Structures are given as structure tokens and as C-alpha cells.
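Undergrad: Sharing a structure, written as C-alpha cells. Questions coming.
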Amino acid sequence: MVVYGTAIWEETYREDPRTIKEIIDVDEETGEVQYELVEIKEYQDVYGAAVNIWNFYIDEDGTDFETAKDCIKREVLTLDEFKRIYSRYKNAEKVQAGGETDPKETDPKPEGDNKDEVEVLHYYNRPHDIYWIVANEVLVNDFGNPIPYKHKELPFSHGVLIKRLGHFYGLGFPKIIEGVQAELDTVRRMGIDRAKLHLSRPFLAASRAQLRQRDVEISPGKLIQVPNPRESLMGLEFSDTGSSRYREEELLKDDSRQATGIANPAQSVITGATATESALFKNQPLKDLDISLFKTKSGYLKELADLELKIFSSSISRKKKFTELLKLVD
């Protein structure tokens with residue numbers, strides 16, 4: 001949320017089937033094991049997970065999940081994992097590996113051989129009560145399959161760091177200080193260029209000296225033969241970068257801190273303070289960050305809790321457990 005300005009959370013009811021080999025008998029003499037295949041539910045409960053915003057597509061007219069009509073969540077699975085999770089659908093057998101499985105992030109993590117991967121798209125449409133699972137352009141479930149939750153809402157919640165009016169996605173710290181960072185990059189590049197010119201200065205050579213570029217490249221102990229050094233070759237002098245450049249950098253950094261509201265840890269050190277006071281001041285930047293996220297977390301977690309409660313109450317198995325629990329309490 002701090003980087004991209006937006007966090008998306010998916011809250012669903014998850015059932016993961018898995019086939020295991022249940023041991024029936026073991027021959028003590030030969031060590032032969034007799035077993036039978038049994039399907040178990042590895043996970044069967046309310047499940048929540050953060051969604052990569054690069055793998056999420058929201059209705060372009062929606063500003064939140066209450067106004068959005070539909071959305072798509074993208075995931076990439078290996079073919080074996082896809083078969084394990086979606087084997088209960090008959091069309092899952094038609095899915096082959098391939099498709100658009102490349103990462104969508106701006107800085108994707110290194111990927112190995114992705115020939116055995118499958119791109120899975122989960123499409124939710126609230127007005128028409130539709131939930132589709134599309135894997136490599138194959139519709140895995142039925143065409144008229146409804147949203148599998150009684151609340152019939154998009155099973156996602158989201159929070160933003162800085163809200164933009166009329167937009168679904170918020171602003172993160174990098175976007176807020178983007179202009180200041182561009183100025184800071186310019187100042188640093190100019191300082192580096194000035195230092196390079198100071199250390200490796202250019203030369204002015206008379207046309208009659210007939211010098212080549214490699215002749216004036218400086219190296220320790222190098223001899224450059226010219227008729228008259230004072231008249232044939234002259235180096236241009238460039239002063240070193242002054243302290244004003246570093247003061248300009250600090251001023252730009254202060255602008256960034258004021259824009260984000262996060263203090264400089266170095267300015268939190270107080271001479272002569274006790275160990276407790278020093279520790280408190282060192283934690284001040286974290287407190288500033290927590291304050292900036294407090295309002296966002298409050299709304300985000302409330303929305304998430306409401307969604308989880310709806311899914312919790314709509315689960316039949318959970319209803320039975322909840323009823324039994326109430327009887328025990330009574």
C-alpha cells in the first residue's frame with residue numbers, strides 16, 4: 001500500500017482437495033505396503049490473501065467495490081497444481097499449458113521455465129451474478145455459474161494510502177514525491193558530471209599538433225609529444241563540486257519528508273538524552289508512518305471484517321459449528 005498506494009484483499013471460502021495414499025496394511029517380512037487412494041480436504045475454511053494489483057482488473061467506472069460492476073483476478077499456476085485444484089470441473093481436462101504466463105509487475109522476480117504453467121482468470125460480475133473460471137481461454141466452470149457466496153458481492157476489499165476523488169487506485173509515497181525525486185536525480189547527475197570533468201578534464205589542442213583522441217587520454221606516466229606544450233595543448237580547468245550542491249540535496253530531501261509526513265531518523269537524536277528518550281525518538285519515523293496508515297487501516301479492516309463475516313455466516317458447515325457453539329454457551 002505504501003509503494004503503490006493501493007492494497008487489495010480477497011476473502012473467499014476455500015476447499016483444496018488432495019489425493020493421498022492411506023496405508024491399510026504393511027507386510028513385516030517383505031515390507032510391502034498396501035494402501036488405497038483417499039481424497040481429503042487439505043483446506044476447508046474461510047480464506048483470505050493479498051492480491052497483487054498487477055494481477056487485478058477492476059471495472060473502469062468503479063471507484064470502490066460497492067460501485068464496481070465486475071472485476072478479474074489473475075493467477076498463474078503450474079499445470080499439475082491447476083489439475084489438483086480444479087479437477088472437479090469436467091472442462092479442466094481440456095486445459096493445456098501455455099498462454100500469457102509472464103509476470104505483469106514492473107520489476108518481476110526471475111522466472112524459470114514457464115512452459116508448464118497456466119494462466120487462470122477469475123471473473124466476477126455482480127449485476128448478472130456470474131462467476132467464471134477461464135484457463136488459457138477455456139471456460140472451466142458452467143457459463144451460468146453464479147457467485148458462490150450468499151452475499152452476492154465482489155469478494156474483495158481494498159484500501160488506499162491517499163484517496164483520489166473518482167478513482168479506484170490511490171496514491172503511494174513514490175508517486176507523491178515523484179517530482180521532488182526527479183529534481184534530486186537531476187542535481188545528483190549534475191554533481192557527478194562536474195566531478196568527472198574535474199578528474200578527467202578535456203583539452204584544447206592546436207590544429208598543427210595533429211593529436212588524436214587517444215593521445216590526450218590521461219594515464220599515470222603517459223608521455224604526450226607536442227612541439228610546444230604551452231601553445232599546442234591546454235587543459236580546461238573545472239572546479240570541484242561545492243558544498244551548495246549537498247545543501248540543495250538536503251533541502252529536496254526535506255521536501256520529500258514534509259510531503260510524506262515521515263521525519264528524518266538522524267534529526268531524532270538528542271544530545272544528552274537518556275537511553276529511553278533516545279529509543280523513543282529513534283522510533284518516531286515508524287510512529288509517523290503508523291499515523292499516516294491508521295485511517296486507511298481502520299476503513300480497510302472494517303470492510304474486510306464485514307466481508308469475512310458474510311462468508312463465515314454463509315458457510316453451511318460453519319453454520320452448524322456456530323449453532324453447536326451457541327448451544328454450549330447457553
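Chain labels A, B, ... are given in the sequence in which chains occur in the C-alpha cells; within each chain residues are numbered consecutively from 1, and ligands are likewise numbered from 1 in the order shown.
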Got a sec to tell me which of range 16-210 of chain A DSSP assigns to helix (DSSP H, G or I), as a ChimeraX atom specification?
TA: /A:53-55,79-86,90-94,173-176,178-199,207-209
Undergrad: Write out as a PyMOL selection string the residues lying within 10 Å of His128 in chain A, counting only C-alpha atoms and excluding same-chain residues fewer than 2 positions away.
TA: chain A and resi 69-70+124-126+130-131+144+146-147+152
Undergrad: Go ahead and save the residues from that selection, with all heavy atoms, as a JSON list (two decimals), in the first residue's frame.
TA:
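Okay, this is what ended up in result_6.json:
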```
[["chain", "number", "residue", "atom", "x", "y", "z"],
["A", 69, "LYS", "N", -18.95, -2.94, -11.10],
["A", 69, "LYS", "CA", -19.87, -3.97, -11.58],
["A", 69, "LYS", "C", -19.19, -5.32, -11.69],
["A", 69, "LYS", "O", -19.82, -6.36, -11.45],
["A", 69, "LYS", "CB", -20.45, -3.57, -12.94],
["A", 69, "LYS", "CG", -21.24, -2.27, -12.94],
["A", 69, "LYS", "CD", -21.76, -1.97, -14.33],
["A", 69, "LYS", "CE", -22.53, -0.65, -14.36],
["A", 69, "LYS", "NZ", -21.64, 0.50, -14.08],
["A", 70, "ASP", "N", -17.93, -5.34, -12.10],
["A", 70, "ASP", "CA", -17.24, -6.61, -12.28],
["A", 70, "ASP", "C", -15.75, -6.42, -12.04],
["A", 70, "ASP", "O", -15.25, -5.29, -11.93],
["A", 70, "ASP", "CB", -17.50, -7.19, -13.68],
["A", 70, "ASP", "CG", -17.11, -6.21, -14.78],
["A", 70, "ASP", "OD1", -16.60, -5.11, -14.46],
["A", 70, "ASP", "OD2", -17.29, -6.53, -15.96],
["A", 124, "TYR", "N", -15.72, -12.04, -11.92],
["A", 124, "TYR", "CA", -16.92, -11.85, -11.10],
["A", 124, "TYR", "C", -17.74, -10.72, -11.70],
["A", 124, "TYR", "O", -17.21, -9.64, -11.98],
["A", 124, "TYR", "CB", -16.54, -11.48, -9.66],
["A", 124, "TYR", "CG", -15.79, -12.55, -8.91],
["A", 124, "TYR", "CD1", -14.40, -12.63, -8.96],
["A", 124, "TYR", "CD2", -16.47, -13.48, -8.12],
["A", 124, "TYR", "CE1", -13.71, -13.60, -8.26],
["A", 124, "TYR", "CE2", -15.78, -14.45, -7.41],
["A", 124, "TYR", "CZ", -14.41, -14.51, -7.48],
["A", 124, "TYR", "OH", -13.72, -15.46, -6.79],
["A", 125, "ASN", "N", -19.04, -10.97, -11.89],
["A", 125, "ASN", "CA", -19.97, -9.96, -12.38],
["A", 125, "ASN", "C", -21.13, -9.87, -11.40],
["A", 125, "ASN", "O", -21.91, -10.83, -11.27],
["A", 125, "ASN", "CB", -20.46, -10.31, -13.79],
["A", 125, "ASN", "CG", -21.28, -9.19, -14.41],
["A", 125, "ASN", "OD1", -22.29, -8.75, -13.87],
["A", 125, "ASN", "ND2", -20.82, -8.71, -15.56],
["A", 126, "ARG", "N", -21.23, -8.75, -10.71],
["A", 126, "ARG", "CA", -22.25, -8.61, -9.68],
["A", 126, "ARG", "C", -23.66, -8.40, -10.23],
["A", 126, "ARG", "O", -24.60, -9.06, -9.77],
["A", 126, "ARG", "CB", -21.88, -7.46, -8.73],
["A", 126, "ARG", "CG", -22.84, -7.34, -7.55],
["A", 126, "ARG", "CD", -22.36, -6.32, -6.56],
["A", 126, "ARG", "NE", -22.18, -5.01, -7.16],
["A", 126, "ARG", "CZ", -21.85, -3.92, -6.49],
["A", 126, "ARG", "NH1", -21.61, -4.00, -5.20],
["A", 126, "ARG", "NH2", -21.72, -2.76, -7.10],
["A", 130, "ILE", "N", -22.58, -13.65, -11.90],
["A", 130, "ILE", "CA", -21.81, -14.60, -12.70],
["A", 130, "ILE", "C", -20.41, -14.74, -12.12],
["A", 130, "ILE", "O", -19.79, -13.75, -11.70],
["A", 130, "ILE", "CB", -21.73, -14.15, -14.18],
["A", 130, "ILE", "CG1", -23.09, -14.30, -14.86],
["A", 130, "ILE", "CG2", -20.67, -14.93, -14.94],
["A", 130, "ILE", "CD1", -23.11, -13.80, -16.28],
["A", 131, "TYR", "N", -19.95, -15.97, -12.10],
["A", 131, "TYR", "CA", -18.56, -16.25, -11.72],
["A", 131, "TYR", "C", -17.99, -17.24, -12.72],
["A", 131, "TYR", "O", -18.47, -18.37, -12.83],
["A", 131, "TYR", "CB", -18.49, -16.81, -10.30],
["A", 131, "TYR", "CG", -17.13, -17.37, -9.94],
["A", 131, "TYR", "CD1", -15.98, -16.58, -10.04],
["A", 131, "TYR", "CD2", -16.99, -18.68, -9.50],
["A", 131, "TYR", "CE1", -14.74, -17.09, -9.71],
["A", 131, "TYR", "CE2", -15.76, -19.19, -9.16],
["A", 131, "TYR", "CZ", -14.63, -18.40, -9.28],
["A", 131, "TYR", "OH", -13.40, -18.90, -8.96],
["A", 144, "GLY", "N", -23.39, -20.25, -16.84],
["A", 144, "GLY", "CA", -24.29, -19.52, -15.95],
["A", 144, "GLY", "C", -23.95, -19.66, -14.49],
["A", 144, "GLY", "O", -24.81, -19.40, -13.63],
["A", 146, "PRO", "N", -23.19, -19.02, -10.84],
["A", 146, "PRO", "CA", -23.36, -17.80, -10.04],
["A", 146, "PRO", "C", -22.17, -17.56, -9.11],
["A", 146, "PRO", "O", -21.32, -18.43, -8.92],
["A", 146, "PRO", "CB", -24.63, -18.09, -9.24],
["A", 146, "PRO", "CG", -24.59, -19.58, -9.06],
["A", 146, "PRO", "CD", -23.97, -20.15, -10.31],
["A", 147, "ILE", "N", -22.14, -16.38, -8.52],
["A", 147, "ILE", "CA", -21.15, -16.09, -7.49],
["A", 147, "ILE", "C", -21.41, -17.03, -6.31],
["A", 147, "ILE", "O", -22.52, -17.08, -5.79],
["A", 147, "ILE", "CB", -21.24, -14.62, -7.04],
["A", 147, "ILE", "CG1", -20.89, -13.70, -8.21],
["A", 147, "ILE", "CG2", -20.32, -14.35, -5.86],
["A", 147, "ILE", "CD1", -21.03, -12.22, -7.91],
["A", 152, "LYS", "N", -23.41, -12.31, -2.50],
["A", 152, "LYS", "CA", -23.50, -11.93, -3.92],
["A", 152, "LYS", "C", -22.78, -10.61, -4.21],
["A", 152, "LYS", "O", -23.20, -9.84, -5.07],
["A", 152, "LYS", "CB", -24.97, -11.82, -4.36],
["A", 152, "LYS", "CG", -25.73, -13.13, -4.26],
["A", 152, "LYS", "CD", -25.07, -14.23, -5.09],
["A", 152, "LYS", "CE", -25.79, -15.56, -4.95],
["A", 152, "LYS", "NZ", -25.12, -16.64, -5.73]]
```
Undergrad: Please, which residues in range 123-192 of chain A fall within 10 Å of range 29-52 of chain A when counting only C-alpha atoms, and what is the closest atom pair and distance in Å to one decimal for each, ordered by chain then residue number, as JSON lines?
TA:
```
{"residue": "A:Pro155", "atom": "CA", "partner": "A:Gly48", "partner_atom": "CA", "distance": 9.8}
{"residue": "A:Phe156", "atom": "CA", "partner": "A:Val51", "partner_atom": "CA", "distance": 9.1}
{"residue": "A:Ser157", "atom": "CA", "partner": "A:Ala50", "partner_atom": "CA", "distance": 9.7}
{"residue": "A:His158", "atom": "CA", "partner": "A:Ala50", "partner_atom": "CA", "distance": 9.7}
```
Undergrad: Counting only C-alpha atoms, figure out which residue out of A:Pro127, A:Leu154, A:Glu303, A:Ile133 gets nearest to Thr12 in chain A.
TA: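 Among the listed residues, the smallest separation from Thr12 in chain A belongs to A:Leu154.
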Undergrad: With distances taken over only C-alpha atoms, which of A:Leu77, A:Ile176, A:Ala92, A:Leu184 is nearest to Asp142 in chain A?
TA: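 Among the listed residues, A:Ala92 lies closest to Asp142 in chain A.
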Undergrad: Which residues come within 9 Å of Ile58 in chain A, counting only C-alpha atoms, excluding same-chain residues fewer than 5 positions away, as a list in words?
TA: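 Selected residues are Asp64, Phe65, Ala68, Lys69, Asp70, Cys71, Ile72, Lys73 and Phe168 of chain A.
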Undergrad: Based on the selection just made, write C-alpha atoms of those residues as a CSV table (one decimal), in the first residue's frame.
TA:
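The new file result_37.csv reads:
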```csv
chain,number,residue,atom,x,y,z
A,64,ASP,CA,-14.7,1.1,-5.0
A,65,PHE,CA,-16.1,-2.4,-4.7
A,68,ALA,CA,-17.8,-1.6,-9.4
A,69,LYS,CA,-19.9,-4.0,-11.6
A,70,ASP,CA,-17.2,-6.6,-12.3
A,71,CYS,CA,-13.6,-7.5,-11.8
A,72,ILE,CA,-11.0,-10.1,-12.8
A,73,LYS,CA,-8.3,-11.7,-10.6
A,168,PHE,CA,-10.3,3.3,-7.5
```
Undergrad: Measuring between only C-alpha atoms, which one of A:Asp215, A:Glu22, A:Asp240, A:Asp185 shows the shortest distance to Leu199 in chain A?
TA: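 Between A:Asp215, A:Glu22, A:Asp240, A:Asp185, the residue approaching Leu199 in chain A most closely is A:Asp240.
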Undergrad: Rank nothing, just name the residue among A:Glu119, A:Glu93, A:Asp306, A:Glu81 nearest to Pro17 in chain A, using only C-alpha atoms.
TA: A:Glu81
